[in-house]
Each structure stands twice: as C-alpha cells, then as structure tokens.
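Report on the following structure.
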Amino acid sequence: MISLALKSALAALAVNEAVVTDFAARGFHFDVTVAPDAVEAAAEILNLEGFFLEAITGVDWLADGQMEVVYDYNHSTTPGRVVIRARVSRATPELPTVSAIYPGALWHERETHDFFGIVFLRHPDLSPLLLPEDADFHPLRKDYTP
Amino acid sequence: MSVLASSDCKETFVLNLGPQHPATHGVLRVKLTMDGEYIRHAEPVLGYIHRMHEKMGENRTWAQFMPNTGRLDYLSALSYNHGYVLAVERAAGIAVPERAEYIRVITVELNRISSHLVWFGAFILDLGGFTPLLYAFDDREIILDLLQAVTGSRLTYCYFRFGGVYNDIEPDFITGTLAFIKRLRERMPMYHNLVTKNIILIKRLKDIGFVPAEMCRKYGATGPVLRGAGVGYDVRRAEPYSVYPELDFDIPTYPEGDCMARYMVRLDEIEQSMRIIEQACAKLPDGPVMAEKAPKIIKPAKGDYYAAVEAARGSFGVRLVSDGTTTPYRLKLRSPSYSNLSLFGEASRGMLLPDALALMGSLDLVIPEIDR
Amino acid sequence: MGKENLQDAIVQFAPLDKLLGLGRANSLWPMTFGLACCAIEMMATGASRFDLARFGAEVFRPSPRQCDVMIVAGTISKKMAPAVQTLYDQMPEPKWVIAMGNCAISGGPFVFEGQYGIIEGADKLFPVDVYIPGCPPRPEALIEGILELEEKITGSRRWPRVEAG
C-alpha cells in the first residue's frame, strides 16, 4: 500500500488535486497530474520509495491541443500502483526524461517519441526504436494519415 | 567483468546478431561491440516485427480487438486474452460467472505450462542440446489438443469474451487435463534427471548472467526474471484477480539471480500450475459460462482503466482510455518481455558471447510481444 | 515455378534433370527462419509429433547459403523486408519459397486502411511457389504444402493425397 508520506509528497507536486482511486473500478491506487517539468521530481520520490517503472505512454488529446504522458509505477513488495500524468502542448511536446533515474525509461520514452513525437529533453538517443530507422512519422497521433 | 576491467585493448569490432539468427527466437537484432570474445556493449534493435497492435486498437470496436491479443505472445496467448478482457470488464462494469472464472484459470494455467515447455526446449536448444526439445514438444502437444477442443485453435487463441468464455468445456476436457497432469508429474523427474542435473547445463547456467533485484527494479523487469532474483512478486498474488485468491499455490523464488535461478523458477512454476489446475478442476462449479447481462455493444464510461495479469513472461498490463464510444480512444499494451529485454544491454556487459546467449535465452523472449 | 527458376543450360539432359528433381524434392533443406506465430507451428512440425523427417525436409539450416526452401513463417514488416529480401537473394539456385500463413500470403489480420508497418504478402518481394492458408496453419497443412512443393518439382505426387471427409 502507498504510505501517507508518499501521498503527501506527490500531492505537493500535483497541479490539481491528487486522487486516491478505487482500485476495483480503475485498476490503480493513486493518480497524480503534475507539471511537465515535475516528472523528474516525482520519479525521484518514487525511486527512493523503491517503486519500479511499469511503462510510459502517451495519449493524444487532439481536441484539447494537448498530449498527455502517462507513467505507471508499481511496487514489487508492497503493491500499489501510482499513475503520474503530465500534459504538454501539441505544438511543443517537450518534457524532461526520467531515464537518469530509471534506465528502463530509455526504451519507453523512445517508443513514446516514435508513436507521438513527444520529445524527452536530455534523452541520450531518441532515434526510432519500433519504427524503421528512417521513419519521420508518428502513427499514433490522431491526425496521422499515411 | 574482471577481464574487461583489466583489458586495455583499444581494438573492438562490431558483431551483428540477427535479425535472422536462431538464438534470437525470431527477429531480434543485437548490435554487439566486442573486445575479442567479450562483449563491451550490446544494443538490441527492435521493431522488425512491429505489427501496429496499438494503432489497430484505435480503429476497431472493443470486441474486434480480441483476436489481436492472441497474436501478441503466441506462446501464452490466453494470458493476454485474460488481461484484455479484465481491463474491458473493469471499464464496462461486467461481472463474470464463477464457472467462467474457473475455466479461465484452468485454461490459462495449461497455457502457461505449454509456454514454459516451449521455452524449456528452445532454451536447451540454444545451449546446444537438441533432445529435450522433442520431449517438451511431446508433452506440449497434449496441452494443445486439450485447448484446441475447447478454444478451436492451437496457438492464437481468442477464447475469452467480455463477461465469460466463448464455449463451455466438455467433461472429457477435465478427465483429459487430469490425465495429462498425472503424466507430466511422472515426467518431471525425468526432465530433472535428463537436463537439470546435467553437468554441461550446470556449467553453462550456474553463476552466469547475473540479473540482481535492483537491476530488475530499475528496468521494470517482472515475472520469472524478477523471481529468479529473489523477489516474490506475482500479479496473481499482489493484485488478486479472477479466482486465484481461492486457490492454494506457492510463488517459487530463487535468490541467486543467475541463469540457473531463472531456469529453476520456470520448472517450479510448471509444478505450481499443475497444483492450481487440480484444485480448480475439483472446485469447478456448475452454471453459465457467460454473464447474462453482458452487453452486446460495449461502451465503457469516459476515463482510463488499467488491468494487469501474470503472463508466462511477467506482468502484462493493458491501459485503456475510453471516450465513451464503441472504439477505444487509446489502448496501451505493457508487455513483460519489453522491460525484461531492456536490461540485456547492462546485464551482458563484459560477458562472453556464448554466455550472453544463455542470458538471452533465460529471459524467455517472444519478439512480437516486444515489438507489438 | 520450380524448374523455370533454373538457368537454361544449352544442352539439356532430360533424364538427368528428372533424377536431380527427384533427389531435390525428397531432401528439401528449409531455412531456420521464423518471423512470428507460424514459426512455432513450423517448430512443432519439425518436432516429435509431426516429424517432418518422414518427408525428408527436416534439415533446417540457419544459413541461407545451405538452403533450398525458404518458409516465410510470419508477418513481414517494412523494417524486416530488406533482410528477408537479402536472405532470399543469398540462397543458391534452384530455390523455392513457401508462404506459410495468412500474413505471408496477404498481410493477414494486420491489413487495415492506413496501415504503416507491414508488407502485404511475401509475393510483393519475390516469387512464391506454395501458399498455405491458416492463422497459423496446422502442422499437417505445412506438411501438405511441402508435399505440394515436391509435386511441383518432380511433376508427380509420391505420397497419397488425403481426401476430405
């Protein structure tokens, strides 16, 4: 379970209210939306608590003109799923990398860059991972047409 | 490691492994920077079987995506069926009849055994032993026959439905399953005598390819890789789903973190899966296998949902984003081999190339699940 | 295709060609080359129960230079296509191709409007001799495909044909 100290530490970073979610209905325990430049700080907090990074992904909110980056964290001995979200504008989709803290993020961020064109600042290598080496398109953007 | 540290050799060369290489189990490619026989740097190159599953999720209805889940990890396809239906059932609030839950558990665990048997055969094949593959496939074919009678296919199952399963099982299936378990129980000592106690295997696996628990955490590795590093994390226990809380089973862990530990975890898991199946067959209740109130057209409420299951390779997660329509807005598949492979670069540094192949085999990779 | 793949010799030895065809047909060497799900059924075909060795086609070779049959077992992605083409080009003549499964035939379930990642069928890259439908095809279907190829090479069927029903 997620400790109170962790909840308040993450809630301090939240841009709006951090939500304790109903696990049976949603599949995760704690949902926090942070500012794009706070994802590193959030990762740092979770790293100190011994969480591992399950996945990073993006969602393209075309109507809002925004992209959402979703980080799924989990703990292997005291299970509790924490979801960290950050929204960036579609025009300049940039936010810092967390790969210095979690090297597992290297591939997840590259994949998110492949699919959505979201740029992770200070990431060592954002060349296409799943798409061909010379790919210059982002297929999971909602306005993508081949 | 010490050899590499003491080496002042500046001359390295790049060795390309794959995408067509028998030891990469498909179309994985690894760019290796070698210092003689030792690996300086290994960089897996993915995407050679990228099949656009996540894009396909966005242009078809919730139910139409089901066949895709059977083609992600074709060795334990039912776990992936299970992960997806769990996520959609959670999103749409569909309850599943108890009989269907038990059938799901029985078939998923059978599938896990067949997956581990293929891994066992292929892994030993990578290490240079051909015969165990023939034994493993012999046992596996019985499972495939059993599952084929229920699901209609041998590999790429599409058996689960939102609110239950497609087809009820026959009484033959239960007798066949129990007979198979009796047979496999008798054959497990043979596997151990033939392979586990083999001195060549021990020399190839013991103290080779260390993946410590902290490395697993940093890279998000789960499943037998994590349990082979001594951490008893299993989604079936950590976030109990289906009827697993009512069944008694152990989570095998080995603290060594080497290839041998991961090998032993998987063989022990076969035994635990057999225990689960036996209990589930004994407890199997009567009743319907489909929820009567399951809607024909699924329209989950707006929002995002997550569901995870323990697949044969680790934690498989599905993140759904629904905008309240009949098609998913976003469908993210978190595949276990992807994270498990991502640590290969760090874990293989300084290893001999043949040992690195043992490490790669012990991670149990299925490439279409990595590339999606 | 079969013999048409061979460079025409100036002098033809019809009985010798027949003899060579018979030898080739009954000891086909496929390539160990799995792309996706179908590769597992290809493994199962070679393993204990279905035992492809009964038909002389069990010598799976990892190197294209030692093979005469390429079994395209799985989806060919655009990233993989140049590698598949290279493997085909590296095989010595005479060579044959079996497209195993729907993905290798036409792209199978992964074809949709606006798809960006796969080649819709192995015959977009090189000529295919035998098509085996299925997703994935059963091992018996792969064996039948190999018998079909043998018939194509020799012109006559050595094994009895199984009738449906």
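Starting from 1 in every chain, residues are counted up; chains themselves are A, B, ... following the order of the structure tokens, and ligands are numbered from 1 as listed.
Applying a distance limit of 9 Å to only C-alpha atoms, the residues of chain A near chain C read Leu130, Leu131, Pro132, Glu133, Pro139, Thr145 and Pro146 of chain A.
Within 6 Å of chain A, counting only C-alpha atoms, chain B contributes Leu46, Gly47, Arg90, Arg217, Lys218, Tyr219, Gly220, Tyr233, Tyr305, Tyr306 and Ala307 of chain B.
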Out of chain C, which residues get strand (DSSP E) from DSSP, as a ChimeraX atom specification?
-> /C:69-73,96-100,130-132
Please identify all polymer residues within 10 Å of Glu246 of chain B, counting only C-alpha atoms, omitting same-chain residues fewer than 6 positions from it, and present them as a JSON list (two decimals) with C-alpha atoms, in the first residue's frame.
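Contents of out10.json, as written:
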[["chain", "number", "residue", "atom", "x", "y", "z"],
["B", 240, "PRO", "CA", -5.55, -10.98, -6.92],
["B", 276, "ILE", "CA", -3.68, -24.77, -9.47],
["B", 279, "GLN", "CA", -7.69, -27.51, -7.37],
["B", 280, "ALA", "CA", -9.66, -25.56, -9.96],
["B", 283, "LYS", "CA", -13.81, -26.82, -7.30]]
Residues of segment 96-116 of chain C within 9 Å of segment 55-67 of chain B: nearest atom pair and distance (Å, one decimal) for each, counting only C-alpha atoms, sorted by chain and number, as CSV?
residue,atom,partner,partner_atom,distance
C:Pro109,CA,B:Pro67,CA,8.8
C:Phe110,CA,B:Met56,CA,8.1
C:Phe112,CA,B:Met56,CA,7.9
C:Gln115,CA,B:Lys55,CA,8.4
Would you mind exporting all heavy atoms of the selected residues as a PDB file, in the first residue's frame?
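Final file, result.pdb:
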ATOM      1  N   PRO C 109      -4.330 -10.687 -40.798  1.00  0.00           N
ATOM      2  CA  PRO C 109      -5.179  -9.837 -39.962  1.00  0.00           C
ATOM      3  C   PRO C 109      -4.603  -8.439 -39.748  1.00  0.00           C
ATOM      4  O   PRO C 109      -5.281  -7.595 -39.176  1.00  0.00           O
ATOM      5  CB  PRO C 109      -5.240 -10.599 -38.636  1.00  0.00           C
ATOM      6  CG  PRO C 109      -4.036 -11.447 -38.625  1.00  0.00           C
ATOM      7  CD  PRO C 109      -3.730 -11.788 -40.041  1.00  0.00           C
ATOM      8  N   PHE C 110      -3.389  -8.192 -40.208  1.00  0.00           N
ATOM      9  CA  PHE C 110      -2.765  -6.904 -39.904  1.00  0.00           C
ATOM     10  C   PHE C 110      -2.927  -5.891 -41.029  1.00  0.00           C
ATOM     11  O   PHE C 110      -2.252  -4.872 -41.041  1.00  0.00           O
ATOM     12  CB  PHE C 110      -1.298  -7.106 -39.544  1.00  0.00           C
ATOM     13  CG  PHE C 110      -1.144  -8.003 -38.353  1.00  0.00           C
ATOM     14  CD1 PHE C 110      -0.803  -9.327 -38.501  1.00  0.00           C
ATOM     15  CD2 PHE C 110      -1.425  -7.526 -37.092  1.00  0.00           C
ATOM     16  CE1 PHE C 110      -0.714 -10.165 -37.404  1.00  0.00           C
ATOM     17  CE2 PHE C 110      -1.354  -8.363 -35.997  1.00  0.00           C
ATOM     18  CZ  PHE C 110      -0.990  -9.681 -36.150  1.00  0.00           C
ATOM     19  N   PHE C 112      -5.128  -3.113 -42.649  1.00  0.00           N
ATOM     20  CA  PHE C 112      -6.282  -2.234 -42.444  1.00  0.00           C
ATOM     21  C   PHE C 112      -5.981  -0.944 -43.174  1.00  0.00           C
ATOM     22  O   PHE C 112      -4.832  -0.690 -43.561  1.00  0.00           O
ATOM     23  CB  PHE C 112      -6.559  -1.993 -40.956  1.00  0.00           C
ATOM     24  CG  PHE C 112      -5.422  -1.380 -40.193  1.00  0.00           C
ATOM     25  CD1 PHE C 112      -5.348  -0.010 -40.017  1.00  0.00           C
ATOM     26  CD2 PHE C 112      -4.421  -2.180 -39.662  1.00  0.00           C
ATOM     27  CE1 PHE C 112      -4.301   0.547 -39.298  1.00  0.00           C
ATOM     28  CE2 PHE C 112      -3.367  -1.623 -38.955  1.00  0.00           C
ATOM     29  CZ  PHE C 112      -3.305  -0.250 -38.774  1.00  0.00           C
ATOM     30  N   GLN C 115      -2.598   1.292 -42.804  1.00  0.00           N
ATOM     31  CA  GLN C 115      -1.528   0.579 -42.090  1.00  0.00           C
ATOM     32  C   GLN C 115      -0.183   1.091 -42.573  1.00  0.00           C
ATOM     33  O   GLN C 115      -0.013   1.384 -43.742  1.00  0.00           O
ATOM     34  CB  GLN C 115      -1.685  -0.938 -42.243  1.00  0.00           C
ATOM     35  CG  GLN C 115      -1.449  -1.505 -43.637  1.00  0.00           C
ATOM     36  CD  GLN C 115      -0.021  -1.907 -43.882  1.00  0.00           C
ATOM     37  OE1 GLN C 115       0.830  -1.737 -43.038  1.00  0.00           O
ATOM     38  NE2 GLN C 115       0.231  -2.432 -45.064  1.00  0.00           N
TER      39      GLN C 115
END
Sorted per-residue table, chain C near chain B, closest atoms and distance, 9 Å, only C-alpha atoms, as CSV:
residue,atom,partner,partner_atom,distance
C:Thr32,CA,B:Pro22,CA,6.7
C:Phe33,CA,B:Gln20,CA,6.4
C:Gly34,CA,B:Gly26,CA,5.3
C:Leu35,CA,B:Gly26,CA,5.3
C:Ala36,CA,B:Pro368,CA,6.5
C:Cys37,CA,B:Tyr74,CA,5.8
C:Ala39,CA,B:Gly26,CA,8.1
C:Ile40,CA,B:Leu75,CA,8.3
C:Glu41,CA,B:Leu155,CA,8.3
C:Ala44,CA,B:Phe137,CA,7.0
C:Ala47,CA,B:Leu134,CA,5.6
C:Ser48,CA,B:Leu134,CA,5.1
C:Arg49,CA,B:Asp138,CA,6.3
C:Pro62,CA,B:Pro22,CA,6.5
C:Ser63,CA,B:His21,CA,8.8
C:Gly74,CA,B:Ile49,CA,8.9
C:Thr75,CA,B:Ile49,CA,6.9
C:Ile76,CA,B:Ile49,CA,7.0
C:Ser77,CA,B:Ile49,CA,5.5
C:Lys78,CA,B:Tyr48,CA,7.8
C:Lys79,CA,B:Tyr48,CA,5.4
C:Met80,CA,B:Tyr48,CA,5.0
C:Ala81,CA,B:Tyr48,CA,8.6
C:Ala83,CA,B:Pro19,CA,7.6
C:Val84,CA,B:Gln20,CA,8.6
C:Leu87,CA,B:Gln20,CA,8.6
C:Pro109,CA,B:Asn68,CA,8.3
C:Phe110,CA,B:Arg51,CA,6.7
C:Phe112,CA,B:Met56,CA,7.9
C:Gln115,CA,B:Met52,CA,7.7
C:Tyr116,CA,B:Met52,CA,7.9
C:Gly117,CA,B:Arg51,CA,6.4
C:Ile118,CA,B:Arg51,CA,6.9
C:Cys135,CA,B:Thr156,CA,7.5
C:Pro136,CA,B:Thr156,CA,7.5
C:Arg138,CA,B:Arg154,CA,7.9
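The residue that comes closest to Leu147 of chain C, out of C:Val11, C:Ile98, C:Lys124, C:Met70 and on the basis of only C-alpha atoms, is C:Ile98.
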Could you tell me which of C:Leu19, C:Met100, C:Ala25, C:Val72 comes closest to Arg158 of chain C if we count only C-alpha atoms?
-> C:Ala25
